[in-house]
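Have a look at work_13.cif below; it lists mmCIF, C-alpha atoms.
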data_work
#
loop_
_atom_site.label_atom_id
_atom_site.label_comp_id
_atom_site.auth_asym_id
_atom_site.auth_seq_id
_atom_site.Cartn_x
_atom_site.Cartn_y
_atom_site.Cartn_z
CA MET L 243 91.58 81.86 84.88
CA SER L 244 92.75 80.16 88.07
CA ASP L 245 91.41 81.20 91.49
CA GLU L 246 94.90 82.35 92.50
CA LEU L 247 95.21 84.59 89.43
CA GLN L 248 91.72 86.01 89.99
CA GLN L 249 92.59 86.79 93.62
CA ALA L 250 95.83 88.55 92.60
CA SER L 251 93.94 90.56 90.00
CA LEU L 252 91.23 91.50 92.49
CA THR L 253 93.85 92.51 95.03
CA ALA L 254 95.58 94.73 92.46
CA LYS L 255 92.26 96.43 91.60
CA MET L 256 91.47 96.90 95.28
CA LEU L 257 94.88 98.49 95.83
CA GLU L 258 94.38 100.80 92.87
CA THR L 259 91.04 101.86 94.36
CA LEU L 260 92.74 102.58 97.70
CA VAL L 261 95.35 104.70 95.91
CA LEU L 262 92.62 106.63 94.08
CA ASP L 263 90.78 107.18 97.38
CA LYS L 264 94.01 108.44 99.00
CA ILE L 265 94.62 110.85 96.12
CA THR L 266 91.11 112.24 96.53
CA ALA L 267 91.65 112.60 100.29
CA CYS L 268 94.96 114.40 99.72
CA TYR L 269 93.36 116.90 97.36
CA LEU L 270 90.41 117.51 99.68
CA GLN L 271 92.78 118.06 102.61
CA ALA L 272 94.91 120.50 100.59
CA GLU L 273 91.84 122.37 99.36
CA GLN L 274 90.44 122.68 102.87
CA ARG L 275 93.72 123.88 104.39
CA LEU L 276 94.60 126.25 101.55
CA ASN L 277 91.03 127.40 100.83
CA ARG L 278 91.29 126.90 97.06
CA THR L 279 90.65 124.20 94.47
CA PHE L 280 93.17 122.21 92.44
CA SER L 281 92.72 120.44 89.12
CA ARG L 282 92.73 116.69 89.51
CA PRO L 283 95.46 114.64 87.81
CA ILE L 284 95.45 111.84 85.31
CA ILE L 285 96.39 108.67 87.21
CA ASN L 286 98.21 105.66 85.78
CA PHE L 287 99.63 102.50 87.28
CA ASN L 288 102.34 102.03 84.68
CA GLN L 289 105.49 103.31 86.42
CA ARG L 290 108.34 100.88 85.80
CA GLY L 291 111.75 100.32 87.30
CA LYS L 292 112.82 101.21 90.82
CA ALA L 293 110.72 104.37 91.14
CA ALA L 294 107.62 103.93 93.30
CA GLY L 295 105.89 106.81 91.60
CA SER L 296 106.36 109.94 89.58
CA ALA L 297 104.57 113.22 89.00
CA ARG L 298 104.53 114.72 85.52
CA LEU L 299 104.07 118.40 86.19
CA GLN L 300 103.20 119.77 82.75
CA THR L 301 100.59 117.08 82.03
CA ASN L 302 99.24 116.93 85.61
CA GLU L 303 99.77 113.18 85.75
CA LEU L 304 100.62 110.75 88.54
CA ARG L 305 102.22 107.40 87.74
CA PHE L 306 102.56 104.58 90.26
CA ASN L 307 104.55 101.35 90.19
CA PRO L 308 102.04 98.47 90.56
CA ILE L 309 104.67 95.97 91.71
CA LEU L 310 106.03 98.19 94.48
CA LEU L 311 102.45 99.06 95.44
CA GLN L 312 101.65 95.36 95.80
CA GLU L 313 104.80 94.69 97.84
CA ASN L 314 104.55 97.76 100.15
CA GLN L 315 100.82 98.35 100.38
CA GLN L 316 100.28 100.32 103.59
CA HIS L 317 103.44 102.45 103.45
CA PHE L 318 102.94 103.10 99.73
CA ILE L 319 99.42 104.45 100.24
CA THR L 320 100.31 106.40 103.39
CA HIS L 321 103.57 107.97 102.18
CA THR L 322 104.27 107.50 98.47
CA VAL L 323 100.89 108.71 97.28
CA PRO L 324 100.98 112.02 99.24
CA HIS L 325 104.63 112.46 98.20
CA GLU L 326 103.66 112.43 94.51
CA VAL L 327 100.51 114.51 95.03
CA ALA L 328 102.66 117.11 96.83
CA HIS L 329 104.75 117.51 93.66
CA LEU L 330 101.67 118.41 91.62
CA LEU L 331 100.32 120.74 94.30
CA THR L 332 103.68 122.47 94.55
CA TYR L 333 103.74 123.03 90.80
CA GLN L 334 100.19 124.38 90.77
CA LEU L 335 100.95 126.73 93.68
CA TYR L 336 104.49 127.90 92.89
CA GLY L 337 105.36 126.88 89.34
CA ARG L 338 108.72 125.24 88.72
CA THR L 339 110.74 124.74 91.92
CA LYS L 340 113.38 122.30 93.11
CA PRO L 341 111.77 118.83 93.12
CA HIS L 342 112.14 118.37 96.88
CA GLY L 343 112.69 122.00 97.76
CA LYS L 344 111.28 124.05 100.60
CA GLU L 345 107.89 124.50 98.90
CA TRP L 346 107.40 120.75 98.47
CA GLN L 347 108.64 120.10 102.02
CA GLN L 348 106.19 122.68 103.35
CA ILE L 349 103.26 120.90 101.67
CA MET L 350 104.39 117.53 103.03
CA LYS L 351 104.65 118.89 106.58
CA GLN L 352 101.87 121.48 106.79
CA ILE L 353 99.24 119.96 104.52
CA PHE L 354 99.81 116.21 104.90
CA ASP L 355 101.46 116.14 108.36
CA LEU L 356 104.20 113.86 107.00
CA THR L 357 107.97 113.88 107.19
CA ALA L 358 109.36 115.13 103.89
CA LYS L 359 111.47 112.19 102.72
CA THR L 360 112.82 112.37 99.20
CA THR L 361 113.26 108.65 98.48
CA HIS L 362 111.64 105.39 99.50
CA GLN L 363 113.42 102.48 101.16
CA TYR L 364 111.49 99.69 99.43
CA ASP L 365 113.18 96.46 98.45
CA VAL L 366 113.52 96.85 94.68
CA SER L 367 114.98 93.43 93.90
CA SER L 368 111.78 92.33 92.13
CA VAL L 369 111.82 95.39 89.80
CA LYS L 370 115.54 95.85 89.35
CA GLY L 371 115.75 94.30 85.91
CA LYS L 372 118.47 92.27 84.29
CA THR L 373 122.07 93.39 84.65
CA PHE L 374 125.08 92.81 82.43
CA THR L 375 128.68 92.59 83.47
CA TYR L 376 130.97 95.25 82.00
CA ILE L 377 134.64 94.66 82.60
CA CYS L 378 137.12 97.51 82.61
CA GLN L 379 140.66 97.88 83.95
CA CYS L 380 139.52 98.78 87.48
CA THR L 381 136.82 96.18 88.17
CA ASP L 382 133.65 94.48 86.91
CA HIS L 383 130.53 96.69 86.79
CA GLN L 384 126.94 95.46 86.83
CA LEU L 385 124.99 97.63 84.37
CA THR L 386 121.35 97.63 83.34
CA ILE L 387 120.24 98.30 79.79
CA ARG L 388 119.99 101.93 80.88
CA ARG L 389 123.45 101.79 82.46
#
Go ahead and express the file in the form of structure tokens.
Amino acid sequence: MSDELQQASLTAKMLETLVLDKITACYLQAEQRLNRTFSRPIINFNQRGKAAGSARLQTNELRFNPILLQENQQHFITHTVPHEVAHLLTYQLYGRTKPHGKEWQQIMKQIFDLTAKTTHQYDVSSVKGKTFTYICQCTDHQLTIRR
């Protein structure tokens, strides 16, 4: 394994550790402010596509995009991680709600002291995937395999 590849691998592991530490901090902060405990999630770094992360409510799982994490390190850890944790906390507190509804916004603001933004502004060109040209009567459309 080349030195460059080892360094990239080490950096990825270090970033994953920082994400895990941030998740722990988010849960501790929520537990302190709400005076109750929350079950910890399963955490994976296998999110693909343009999504930075996702929260799977029924399985209590967080998934993060390793490429977007690598490309947006500080902002990802500071904003994306609490964003996804807030989804799981909202579900544990209120059950099924609108994904970015008032309950989720309240957790973002009152628990994490963050602005409740629903989407990231990361450059997704490196994770966009291959597109195919579809030609119809009106124009040419660039579609992915998922349309």
_Result set, the PyMOL selection byres ((chain L and resi 290-304) around 7) on current file, as a ChimeraX atom specification_ = /L:283-286,288-289,305-307,310,326,329-330,333,366,369-370
_With distances taken over only C-alpha atoms, which residue among L:Ile353, L:Ile309, L:Leu331, L:Leu257 lies nearest Gln274 of chain L?_
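Distance minimum relative to Gln274 of chain L lands on L:Ile353.
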*Fewer than 5 positions away in the same chain doesn't count, so skip those; otherwise give me all residues within 9 Å of Glu313 of chain L, counting all atoms listed in the file, as a PyMOL selection string.*
chain L and resi 308+318+364-365
_Residue with smallest distance to Ile319 of chain L - pool L:Ser367, L:Thr266, L:Ser281, L:Gln271, counting only C-alpha atoms_ = L:Thr266
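Between atom CA of Glu258 of chain L and atom CA of Ser368 of chain L the separation is 19.4 Å.
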_Can you tell me which residues surround Thr360 of chain L at a distance of at most 9 Å, considering all atoms listed in the file, apart from same-chain residues fewer than 3 positions away, and format the answer as a ChimeraX atom specification?_
/L:325,341-342
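The space between atom CA of Lys264 of chain L and atom CA of Trp346 of chain L spans 18.2 Å.
The nearest approach to Thr322 of chain L among the residues L:Cys378, L:His362, L:Gln352, L:Leu270, with all atoms listed in the file taken into account, belongs to L:His362.
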Assuming the input is short of atoms at segment 351-362 of chain L, produce all heavy atoms for that part as an mmCIF file, in the coordinates of the input.
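Result file selection_30.cif:
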data_model
loop_
_atom_site.group_PDB
_atom_site.id
_atom_site.type_symbol
_atom_site.label_atom_id
_atom_site.label_comp_id
_atom_site.auth_asym_id
_atom_site.auth_seq_id
_atom_site.Cartn_x
_atom_site.Cartn_y
_atom_site.Cartn_z
ATOM 1 N N LYS L 351 104.760 118.697 105.131
ATOM 2 C CA LYS L 351 104.650 118.890 106.580
ATOM 3 C C LYS L 351 103.330 119.556 106.978
ATOM 4 O O LYS L 351 102.625 119.083 107.859
ATOM 5 C CB LYS L 351 105.820 119.729 107.085
ATOM 6 C CG LYS L 351 107.148 118.999 107.021
ATOM 7 C CD LYS L 351 108.290 119.913 107.409
ATOM 8 C CE LYS L 351 109.627 119.259 107.118
ATOM 9 N NZ LYS L 351 110.749 120.186 107.247
ATOM 10 N N GLN L 352 103.005 120.679 106.336
ATOM 11 C CA GLN L 352 101.870 121.480 106.790
ATOM 12 C C GLN L 352 100.519 121.005 106.258
ATOM 13 O O GLN L 352 99.508 121.191 106.921
ATOM 14 C CB GLN L 352 102.104 122.938 106.429
ATOM 15 C CG GLN L 352 103.280 123.534 107.178
ATOM 16 C CD GLN L 352 103.549 124.985 106.807
ATOM 17 O OE1 GLN L 352 102.856 125.567 105.982
ATOM 18 N NE2 GLN L 352 104.565 125.564 107.410
ATOM 19 N N ILE L 353 100.507 120.418 105.082
ATOM 20 C CA ILE L 353 99.240 119.960 104.520
ATOM 21 C C ILE L 353 98.969 118.500 104.869
ATOM 22 O O ILE L 353 97.883 118.130 105.289
ATOM 23 C CB ILE L 353 99.195 120.144 102.981
ATOM 24 C CG1 ILE L 353 99.470 121.602 102.599
ATOM 25 C CG2 ILE L 353 97.865 119.651 102.409
ATOM 26 C CD1 ILE L 353 98.498 122.612 103.164
ATOM 27 N N PHE L 354 100.004 117.646 104.708
ATOM 28 C CA PHE L 354 99.810 116.210 104.900
ATOM 29 C C PHE L 354 100.324 115.689 106.242
ATOM 30 O O PHE L 354 100.170 114.508 106.534
ATOM 31 C CB PHE L 354 100.457 115.428 103.755
ATOM 32 C CG PHE L 354 99.860 115.751 102.409
ATOM 33 C CD1 PHE L 354 100.662 115.910 101.305
ATOM 34 C CD2 PHE L 354 98.494 115.896 102.248
ATOM 35 C CE1 PHE L 354 100.121 116.197 100.058
ATOM 36 C CE2 PHE L 354 97.936 116.185 101.015
ATOM 37 C CZ PHE L 354 98.750 116.341 99.918
ATOM 38 N N ASP L 355 100.946 116.545 107.043
ATOM 39 C CA ASP L 355 101.460 116.140 108.360
ATOM 40 C C ASP L 355 102.414 114.936 108.252
ATOM 41 O O ASP L 355 102.367 114.022 109.067
ATOM 42 C CB ASP L 355 100.321 115.812 109.327
ATOM 43 C CG ASP L 355 99.363 116.974 109.503
ATOM 44 O OD1 ASP L 355 99.849 118.111 109.665
ATOM 45 O OD2 ASP L 355 98.142 116.750 109.461
ATOM 46 N N LEU L 356 103.248 114.943 107.220
ATOM 47 C CA LEU L 356 104.200 113.860 107.000
ATOM 48 C C LEU L 356 105.623 114.387 106.959
ATOM 49 O O LEU L 356 105.859 115.531 106.580
ATOM 50 C CB LEU L 356 103.914 113.148 105.659
ATOM 51 C CG LEU L 356 102.626 112.346 105.572
ATOM 52 C CD1 LEU L 356 102.382 111.896 104.139
ATOM 53 C CD2 LEU L 356 102.681 111.142 106.499
ATOM 54 N N THR L 357 106.564 113.544 107.321
ATOM 55 C CA THR L 357 107.970 113.880 107.190
ATOM 56 C C THR L 357 108.310 113.923 105.705
ATOM 57 O O THR L 357 107.921 113.031 104.948
ATOM 58 C CB THR L 357 108.854 112.822 107.893
ATOM 59 O OG1 THR L 357 108.451 112.747 109.252
ATOM 60 C CG2 THR L 357 110.318 113.183 107.810
ATOM 61 N N ALA L 358 109.022 114.938 105.304
ATOM 62 C CA ALA L 358 109.360 115.130 103.890
ATOM 63 C C ALA L 358 110.586 114.324 103.512
ATOM 64 O O ALA L 358 111.703 114.813 103.533
ATOM 65 C CB ALA L 358 109.577 116.620 103.610
ATOM 66 N N LYS L 359 110.371 113.057 103.158
ATOM 67 C CA LYS L 359 111.470 112.190 102.720
ATOM 68 C C LYS L 359 111.496 112.166 101.193
ATOM 69 O O LYS L 359 110.454 112.037 100.551
ATOM 70 C CB LYS L 359 111.297 110.776 103.262
ATOM 71 C CG LYS L 359 111.436 110.709 104.767
ATOM 72 C CD LYS L 359 111.437 109.281 105.244
ATOM 73 C CE LYS L 359 111.667 109.250 106.742
ATOM 74 N NZ LYS L 359 111.713 107.898 107.264
ATOM 75 N N THR L 360 112.703 112.249 100.654
ATOM 76 C CA THR L 360 112.820 112.370 99.200
ATOM 77 C C THR L 360 112.830 111.027 98.475
ATOM 78 O O THR L 360 112.498 110.975 97.294
ATOM 79 C CB THR L 360 114.090 113.145 98.823
ATOM 80 O OG1 THR L 360 115.222 112.459 99.360
ATOM 81 C CG2 THR L 360 114.050 114.558 99.373
ATOM 82 N N THR L 361 113.213 109.951 99.143
ATOM 83 C CA THR L 361 113.260 108.650 98.480
ATOM 84 C C THR L 361 112.637 107.577 99.369
ATOM 85 O O THR L 361 112.591 107.723 100.582
ATOM 86 C CB THR L 361 114.714 108.218 98.168
ATOM 87 O OG1 THR L 361 115.451 108.181 99.393
ATOM 88 C CG2 THR L 361 115.384 109.182 97.197
ATOM 89 N N HIS L 362 112.184 106.515 98.738
ATOM 90 C CA HIS L 362 111.640 105.390 99.500
ATOM 91 C C HIS L 362 112.763 104.416 99.849
ATOM 92 O O HIS L 362 113.863 104.497 99.300
ATOM 93 C CB HIS L 362 110.532 104.691 98.709
ATOM 94 C CG HIS L 362 110.988 104.033 97.436
ATOM 95 N ND1 HIS L 362 111.681 102.853 97.416
ATOM 96 C CD2 HIS L 362 110.840 104.390 96.137
ATOM 97 C CE1 HIS L 362 111.939 102.497 96.188
ATOM 98 N NE2 HIS L 362 111.443 103.426 95.376
#
